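Student: What follows is a single structure, and I will ask about it in a moment.
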Amino acid sequence: MMYLLWDCEIYLMALAVDLKITNHSNHEKNHRIPATVRIGVTGHRKLANEQLLRNSVQKVLSCMDKILCHTPHTFAVISPLAEGADRLVAKEVLDRRSSGDMEKPHLEAVLPLPESDYIQDFETQESKDEFKGFLEKARSIRTLEKLESRAASYDQGGHYVVDNCDVLIAIWNGKAAAGQGGTAEIVEYARNLGKHIFWIHSENGQIKEENERT
C-alpha cells in the first residue's frame with residue numbers, strides 16, 4: 001500500500017532516536033544520536049523534465065530534514081552514476097547541507113562494470129566527463145564483478161543499491177521494465193525486501209511513499 005510523502009514521520013522518526021538514560025538519582029536525560037541516512041537511487045536514464053524531478057527530490061530530502069530536525073544528521077547517496085536519475089539524485093544529495101557539526105553529505109559510487117567498460121555506455125564526451133567528475137567526488141568506489149551480460153551486471157548493481165540503503169528514491173514511470181535490471185525490477189526487489197521507497201513519478205514529479213514502517 002502506498003502513502004503520500006507527508007506521511008513519512010513514523011518511519012523516519014526511527015532514524016531520529018532519542019536515547020533516554022536514567023542516572024543514579026533517577027533523573028532522565030535525553031541524548032541525541034547522530035545519524036547518517038543512506039539513500040539509494042534507481043531510475044530512468046532519459047528524463048523529460050529534470051527540473052521538475054529535482055524539485056521533487058528536494059521535497060523528499062526536506063521531509064527527511066524536517067523529521068530529523070532534532071537529530072544531528074547527514075546523508076550518504078549510493079548511486080551507480082548512470083545518466084539520468086542516478087546522477088540527478090546524487091547531485092541533489094551532495095548539494096544538501098548537513099545539520100549541526102555533521103560532515104557534508106557524501107557519495108558512495110557502485111559500478112556495475114569496470115570503469116573503462118562502463119563509461120562506454122555514455123555516448124557524449126560531456127557525459128563521460130560528468131561521470132568522471134562524480135567519481136572524483138566519491139568517498140568510495142565499489143566495482144562489482146562483471147557478469148555474463150551487461151543486463152545481468154546492471155541488475156546486480158541495482159540489487160546492491162537496494163541491499164545497502166536505508167531509503168530508496170525511485171524515479172520511475174510506473175511501467176514494466178524494458179529488460180533485466182530495469183527500474184521496475186529494482187523497485188519490485190526493494191518492495192519484496194520491505195525497503196522504504198519514495199517513488200517520484202518520472203513524468204509528473206508526483207511523490208508517493210511505500211512500505212512505511214510502523
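All residue names refer to the C-alpha cells as shown: chains lettered A, B, ... in order, residues numbered from 1 in each chain, ligands numbered from 1 in order.
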Name the residues in contact with Thr36 (chain A) at a cut-off of 8 Å, using only C-alpha atoms, excluding same-chain residues fewer than 6 positions from it; report them as a list in words.
Tutor: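 In the requested form, the answer reads His73, Thr74, Phe75 and Ala76 of chain A.
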Student: Let's have the selection written as a PDB file, in the first residue's frame, with all heavy atoms.
Tutor:
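Saved to result-v4.pdb:
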ATOM      1  N   HIS A  73      22.394  15.051  11.724  1.00  0.00           N
ATOM      2  CA  HIS A  73      22.346  14.030  10.673  1.00  0.00           C
ATOM      3  C   HIS A  73      22.978  14.531   9.386  1.00  0.00           C
ATOM      4  O   HIS A  73      23.151  15.719   9.168  1.00  0.00           O
ATOM      5  CB  HIS A  73      20.893  13.607  10.394  1.00  0.00           C
ATOM      6  CG  HIS A  73      20.054  14.697   9.794  1.00  0.00           C
ATOM      7  ND1 HIS A  73      19.472  15.688  10.542  1.00  0.00           N
ATOM      8  CD2 HIS A  73      19.696  14.952   8.499  1.00  0.00           C
ATOM      9  CE1 HIS A  73      18.792  16.506   9.763  1.00  0.00           C
ATOM     10  NE2 HIS A  73      18.933  16.083   8.522  1.00  0.00           N
ATOM     11  N   THR A  74      23.313  13.568   8.570  1.00  0.00           N
ATOM     12  CA  THR A  74      23.799  13.834   7.235  1.00  0.00           C
ATOM     13  C   THR A  74      23.310  12.711   6.336  1.00  0.00           C
ATOM     14  O   THR A  74      22.690  11.750   6.794  1.00  0.00           O
ATOM     15  CB  THR A  74      25.329  13.960   7.205  1.00  0.00           C
ATOM     16  OG1 THR A  74      25.737  14.460   5.920  1.00  0.00           O
ATOM     17  CG2 THR A  74      26.016  12.618   7.452  1.00  0.00           C
ATOM     18  N   PHE A  75      23.573  12.840   5.043  1.00  0.00           N
ATOM     19  CA  PHE A  75      23.129  11.841   4.076  1.00  0.00           C
ATOM     20  C   PHE A  75      24.325  11.234   3.339  1.00  0.00           C
ATOM     21  O   PHE A  75      25.334  11.888   3.110  1.00  0.00           O
ATOM     22  CB  PHE A  75      22.191  12.460   3.036  1.00  0.00           C
ATOM     23  CG  PHE A  75      20.926  13.036   3.601  1.00  0.00           C
ATOM     24  CD1 PHE A  75      20.613  14.373   3.413  1.00  0.00           C
ATOM     25  CD2 PHE A  75      20.044  12.241   4.311  1.00  0.00           C
ATOM     26  CE1 PHE A  75      19.449  14.913   3.931  1.00  0.00           C
ATOM     27  CE2 PHE A  75      18.866  12.766   4.831  1.00  0.00           C
ATOM     28  CZ  PHE A  75      18.572  14.115   4.640  1.00  0.00           C
ATOM     29  N   ALA A  76      24.163   9.980   2.960  1.00  0.00           N
ATOM     30  CA  ALA A  76      25.075   9.317   2.027  1.00  0.00           C
ATOM     31  C   ALA A  76      24.222   8.820   0.873  1.00  0.00           C
ATOM     32  O   ALA A  76      23.161   8.241   1.091  1.00  0.00           O
ATOM     33  CB  ALA A  76      25.794   8.152   2.687  1.00  0.00           C
TER      34      ALA A  76
END
Student: I need the alpha helix (DSSP H) residues of region 62-195 of chain A per DSSP on the backbone, written as a PyMOL selection string.
Tutor: chain A and resi 62-67+85-94+115-118+125-137+150-163+183-193
Student: Generate the output file for the selected residues, C-alpha atoms, as a PDB file, in the first residue's frame.
Tutor:
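Saved to out_37.pdb:
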ATOM      1  CA  SER A  62      13.346  18.340   3.039  1.00  0.00           C
ATOM      2  CA  CYS A  63      10.906  15.854   4.552  1.00  0.00           C
ATOM      3  CA  MET A  64      13.806  13.876   5.991  1.00  0.00           C
ATOM      4  CA  ASP A  65      15.446  17.033   7.312  1.00  0.00           C
ATOM      5  CA  LYS A  66      12.204  18.080   8.982  1.00  0.00           C
ATOM      6  CA  ILE A  67      11.716  14.763  10.760  1.00  0.00           C
ATOM      7  CA  ALA A  85      18.149   9.597 -12.309  1.00  0.00           C
ATOM      8  CA  ASP A  86      21.370   8.228 -10.778  1.00  0.00           C
ATOM      9  CA  ARG A  87      23.250  11.476 -11.284  1.00  0.00           C
ATOM     10  CA  LEU A  88      20.299  13.786 -10.623  1.00  0.00           C
ATOM     11  CA  VAL A  89      19.686  12.355  -7.152  1.00  0.00           C
ATOM     12  CA  ALA A  90      23.411  12.181  -6.400  1.00  0.00           C
ATOM     13  CA  LYS A  91      23.827  15.876  -7.206  1.00  0.00           C
ATOM     14  CA  GLU A  92      20.857  16.946  -5.080  1.00  0.00           C
ATOM     15  CA  VAL A  93      22.084  14.951  -2.089  1.00  0.00           C
ATOM     16  CA  LEU A  94      25.651  16.240  -2.396  1.00  0.00           C
ATOM     17  CA  GLU A 115      35.089   1.799 -15.125  1.00  0.00           C
ATOM     18  CA  SER A 116      36.754   1.512 -18.545  1.00  0.00           C
ATOM     19  CA  ASP A 117      33.890  -0.689 -19.756  1.00  0.00           C
ATOM     20  CA  TYR A 118      31.034   1.101 -18.020  1.00  0.00           C
ATOM     21  CA  GLN A 125      32.261  13.370 -24.027  1.00  0.00           C
ATOM     22  CA  GLU A 126      30.298  15.714 -21.776  1.00  0.00           C
ATOM     23  CA  SER A 127      28.552  12.770 -20.137  1.00  0.00           C
ATOM     24  CA  LYS A 128      31.816  10.874 -19.721  1.00  0.00           C
ATOM     25  CA  ASP A 129      33.436  13.921 -18.124  1.00  0.00           C
ATOM     26  CA  GLU A 130      30.483  14.331 -15.785  1.00  0.00           C
ATOM     27  CA  PHE A 131      30.782  10.672 -14.786  1.00  0.00           C
ATOM     28  CA  LYS A 132      34.492  11.096 -14.026  1.00  0.00           C
ATOM     29  CA  GLY A 133      33.706  14.236 -12.047  1.00  0.00           C
ATOM     30  CA  PHE A 134      31.325  12.307  -9.802  1.00  0.00           C
ATOM     31  CA  LEU A 135      33.936   9.602  -9.274  1.00  0.00           C
ATOM     32  CA  GLU A 136      36.419  12.248  -8.142  1.00  0.00           C
ATOM     33  CA  LYS A 137      33.902  13.416  -5.536  1.00  0.00           C
ATOM     34  CA  ARG A 150      25.541  -6.141 -19.262  1.00  0.00           C
ATOM     35  CA  ALA A 151      21.900  -6.533 -18.275  1.00  0.00           C
ATOM     36  CA  ALA A 152      22.812  -9.012 -15.539  1.00  0.00           C
ATOM     37  CA  SER A 153      25.530  -6.657 -14.317  1.00  0.00           C
ATOM     38  CA  TYR A 154      23.084  -3.741 -14.157  1.00  0.00           C
ATOM     39  CA  ASP A 155      20.631  -5.932 -12.269  1.00  0.00           C
ATOM     40  CA  GLN A 156      23.346  -6.862  -9.787  1.00  0.00           C
ATOM     41  CA  GLY A 157      24.200  -3.174  -9.340  1.00  0.00           C
ATOM     42  CA  GLY A 158      20.590  -2.293  -8.640  1.00  0.00           C
ATOM     43  CA  HIS A 159      20.334  -5.058  -6.065  1.00  0.00           C
ATOM     44  CA  TYR A 160      23.481  -3.795  -4.357  1.00  0.00           C
ATOM     45  CA  VAL A 161      21.997  -0.298  -4.056  1.00  0.00           C
ATOM     46  CA  VAL A 162      18.788  -1.641  -2.505  1.00  0.00           C
ATOM     47  CA  ASP A 163      20.596  -4.009  -0.149  1.00  0.00           C
ATOM     48  CA  THR A 183      13.880   0.322 -12.876  1.00  0.00           C
ATOM     49  CA  ALA A 184      10.653  -1.658 -12.417  1.00  0.00           C
ATOM     50  CA  GLU A 185      12.582  -4.796 -11.472  1.00  0.00           C
ATOM     51  CA  ILE A 186      14.718  -2.932  -8.935  1.00  0.00           C
ATOM     52  CA  VAL A 187      11.647  -1.308  -7.390  1.00  0.00           C
ATOM     53  CA  GLU A 188       9.965  -4.696  -7.120  1.00  0.00           C
ATOM     54  CA  TYR A 189      13.063  -6.136  -5.464  1.00  0.00           C
ATOM     55  CA  ALA A 190      13.007  -3.303  -2.932  1.00  0.00           C
ATOM     56  CA  ARG A 191       9.300  -3.872  -2.295  1.00  0.00           C
ATOM     57  CA  ASN A 192       9.880  -7.548  -1.632  1.00  0.00           C
ATOM     58  CA  LEU A 193      12.562  -6.666   0.918  1.00  0.00           C
TER      59      LEU A 193
END
Student: Just the strand (DSSP E or B) stuff from region 36-83 of chain A, please, per backbone DSSP, written as number ranges by chain.
Tutor: A: 36-43, 73-79
Student: Kindly export the residues of the current selection with all heavy atoms, as a tab-separated table (two decimals), in the first residue's frame.
Tutor:
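Saved to selection-v2.tsv:
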chain	number	residue	atom	x	y	z
A	36	THR	N	23.48	8.92	10.03
A	36	THR	CA	23.77	9.04	8.60
A	36	THR	C	22.73	8.21	7.87
A	36	THR	O	22.67	6.99	8.04
A	36	THR	CB	25.18	8.52	8.27
A	36	THR	OG1	26.16	9.32	8.95
A	36	THR	CG2	25.43	8.59	6.76
A	37	VAL	N	21.90	8.87	7.08
A	37	VAL	CA	20.84	8.20	6.33
A	37	VAL	C	21.38	7.85	4.95
A	37	VAL	O	21.80	8.73	4.19
A	37	VAL	CB	19.59	9.08	6.21
A	37	VAL	CG1	18.48	8.33	5.49
A	37	VAL	CG2	19.11	9.53	7.59
A	38	ARG	N	21.38	6.57	4.63
A	38	ARG	CA	21.93	6.10	3.35
A	38	ARG	C	20.80	6.01	2.33
A	38	ARG	O	19.86	5.23	2.48
A	38	ARG	CB	22.64	4.77	3.52
A	38	ARG	CG	23.72	4.81	4.59
A	38	ARG	CD	24.51	3.52	4.66
A	38	ARG	NE	25.50	3.45	3.60
A	38	ARG	CZ	26.00	2.32	3.12
A	38	ARG	NH1	25.58	1.17	3.59
A	38	ARG	NH2	26.92	2.33	2.18
A	39	ILE	N	20.90	6.82	1.31
A	39	ILE	CA	19.86	6.96	0.30
A	39	ILE	C	20.30	6.24	-0.98
A	39	ILE	O	21.32	6.60	-1.58
A	39	ILE	CB	19.56	8.43	-0.02
A	39	ILE	CG1	19.11	9.15	1.26
A	39	ILE	CG2	18.52	8.56	-1.11
A	39	ILE	CD1	19.02	10.66	1.10
A	40	GLY	N	19.54	5.24	-1.40
A	40	GLY	CA	19.81	4.57	-2.66
A	40	GLY	C	18.99	5.22	-3.77
A	40	GLY	O	17.98	5.88	-3.53
A	41	VAL	N	19.44	5.03	-5.00
A	41	VAL	CA	18.72	5.61	-6.14
A	41	VAL	C	18.60	4.60	-7.26
A	41	VAL	O	19.53	3.83	-7.54
A	41	VAL	CB	19.40	6.92	-6.62
A	41	VAL	CG1	20.87	6.67	-6.95
A	41	VAL	CG2	18.69	7.49	-7.84
A	42	THR	N	17.43	4.59	-7.88
A	42	THR	CA	17.21	3.84	-9.11
A	42	THR	C	16.30	4.69	-9.99
A	42	THR	O	15.52	5.50	-9.48
A	42	THR	CB	16.60	2.46	-8.84
A	42	THR	OG1	16.57	1.70	-10.06
A	42	THR	CG2	15.18	2.57	-8.30
A	43	GLY	N	16.41	4.53	-11.28
A	43	GLY	CA	15.55	5.34	-12.15
A	43	GLY	C	15.99	5.30	-13.60
A	43	GLY	O	16.99	4.68	-13.96
A	73	HIS	N	22.39	15.05	11.72
A	73	HIS	CA	22.35	14.03	10.67
A	73	HIS	C	22.98	14.53	9.39
A	73	HIS	O	23.15	15.72	9.17
A	73	HIS	CB	20.89	13.61	10.39
A	73	HIS	CG	20.05	14.70	9.79
A	73	HIS	ND1	19.47	15.69	10.54
A	73	HIS	CD2	19.70	14.95	8.50
A	73	HIS	CE1	18.79	16.51	9.76
A	73	HIS	NE2	18.93	16.08	8.52
A	74	THR	N	23.31	13.57	8.57
A	74	THR	CA	23.80	13.83	7.24
A	74	THR	C	23.31	12.71	6.34
A	74	THR	O	22.69	11.75	6.79
A	74	THR	CB	25.33	13.96	7.21
A	74	THR	OG1	25.74	14.46	5.92
A	74	THR	CG2	26.02	12.62	7.45
A	75	PHE	N	23.57	12.84	5.04
A	75	PHE	CA	23.13	11.84	4.08
A	75	PHE	C	24.33	11.23	3.34
A	75	PHE	O	25.33	11.89	3.11
A	75	PHE	CB	22.19	12.46	3.04
A	75	PHE	CG	20.93	13.04	3.60
A	75	PHE	CD1	20.61	14.37	3.41
A	75	PHE	CD2	20.04	12.24	4.31
A	75	PHE	CE1	19.45	14.91	3.93
A	75	PHE	CE2	18.87	12.77	4.83
A	75	PHE	CZ	18.57	14.12	4.64
A	76	ALA	N	24.16	9.98	2.96
A	76	ALA	CA	25.08	9.32	2.03
A	76	ALA	C	24.22	8.82	0.87
A	76	ALA	O	23.16	8.24	1.09
A	76	ALA	CB	25.79	8.15	2.69
A	77	VAL	N	24.64	9.07	-0.34
A	77	VAL	CA	23.89	8.60	-1.51
A	77	VAL	C	24.66	7.47	-2.17
A	77	VAL	O	25.86	7.57	-2.42
A	77	VAL	CB	23.60	9.75	-2.50
A	77	VAL	CG1	24.86	10.41	-3.00
A	77	VAL	CG2	22.73	9.24	-3.66
A	78	ILE	N	23.97	6.36	-2.41
A	78	ILE	CA	24.55	5.20	-3.07
A	78	ILE	C	24.04	5.18	-4.50
A	78	ILE	O	22.83	5.01	-4.73
A	78	ILE	CB	24.17	3.90	-2.35
A	78	ILE	CG1	24.52	3.99	-0.85
A	78	ILE	CG2	24.86	2.70	-2.97
A	78	ILE	CD1	23.96	2.84	-0.03
A	79	SER	N	24.92	5.35	-5.45
A	79	SER	CA	24.48	5.53	-6.84
A	79	SER	C	25.43	4.86	-7.82
A	79	SER	O	26.65	4.95	-7.68
A	79	SER	CB	24.39	7.02	-7.17
A	79	SER	OG	24.10	7.23	-8.54
Student: Just checking: using only C-alpha atoms, which residue out of A:Ile119, A:Glu83, A:Ala35, A:Asn164 ends up closest to Pro105 (chain A)?
Tutor: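 Counting only C-alpha atoms, the residue closest to Pro105 (chain A) is A:Ala35.
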Student: Point out the residue among A:Pro72, A:Pro114, A:Gly182, A:Pro34 with the least atom-to-atom distance to Ala170 (chain A), counting only C-alpha atoms.
Tutor: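 With only C-alpha atoms as the atom set, the closest residue is A:Gly182.
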Student: Please provide as a CSV table (one decimal) with N, CA, C and O atoms, in the first residue's frame all residues within 6 Å of region 139-148 of chain A, with the sequence filter that same-chain residues fewer than 2 positions apart are discarded (counting only C-alpha atoms).
Tutor:
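This went into part.csv:
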chain,number,residue,atom,x,y,z
A,107,LEU,N,29.1,10.7,-1.3
A,107,LEU,CA,28.7,9.8,-2.4
A,107,LEU,C,29.5,8.5,-2.2
A,107,LEU,O,30.7,8.5,-2.0
A,108,GLU,N,28.7,7.4,-2.3
A,108,GLU,CA,29.3,6.1,-2.4
A,108,GLU,C,28.9,5.5,-3.8
A,108,GLU,O,27.8,5.1,-4.0
A,109,ALA,N,29.9,5.5,-4.7
A,109,ALA,CA,29.6,5.0,-6.0
A,109,ALA,C,29.7,3.5,-6.1
A,109,ALA,O,30.6,2.9,-5.5
A,110,VAL,N,28.8,2.9,-6.8
A,110,VAL,CA,28.8,1.5,-7.1
A,110,VAL,C,28.7,1.3,-8.6
A,110,VAL,O,27.8,1.6,-9.2
A,111,LEU,N,29.8,0.7,-9.2
A,111,LEU,CA,29.8,0.5,-10.6
A,111,LEU,C,29.5,-0.9,-11.0
A,111,LEU,O,30.1,-1.9,-10.5
A,112,PRO,N,28.5,-1.1,-11.9
A,112,PRO,CA,28.1,-2.5,-12.2
A,112,PRO,C,29.1,-3.2,-13.2
A,112,PRO,O,29.1,-4.4,-13.4
A,113,LEU,N,30.0,-2.4,-13.7
A,113,LEU,CA,31.1,-2.9,-14.6
A,113,LEU,C,32.4,-2.2,-14.3
A,113,LEU,O,32.4,-1.1,-13.7
A,153,SER,N,24.7,-7.5,-15.1
A,153,SER,CA,25.5,-6.7,-14.3
A,153,SER,C,24.8,-5.5,-13.8
A,153,SER,O,24.9,-5.1,-12.6
Student: Between CA of Ala177 (chain A) and CA of Ala138 (chain A), what is the distance in Å, rounded to a tenth?
Tutor: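 Computing the Euclidean distance for CA of Ala177 (chain A) and CA of Ala138 (chain A) yields 28.6 Å.
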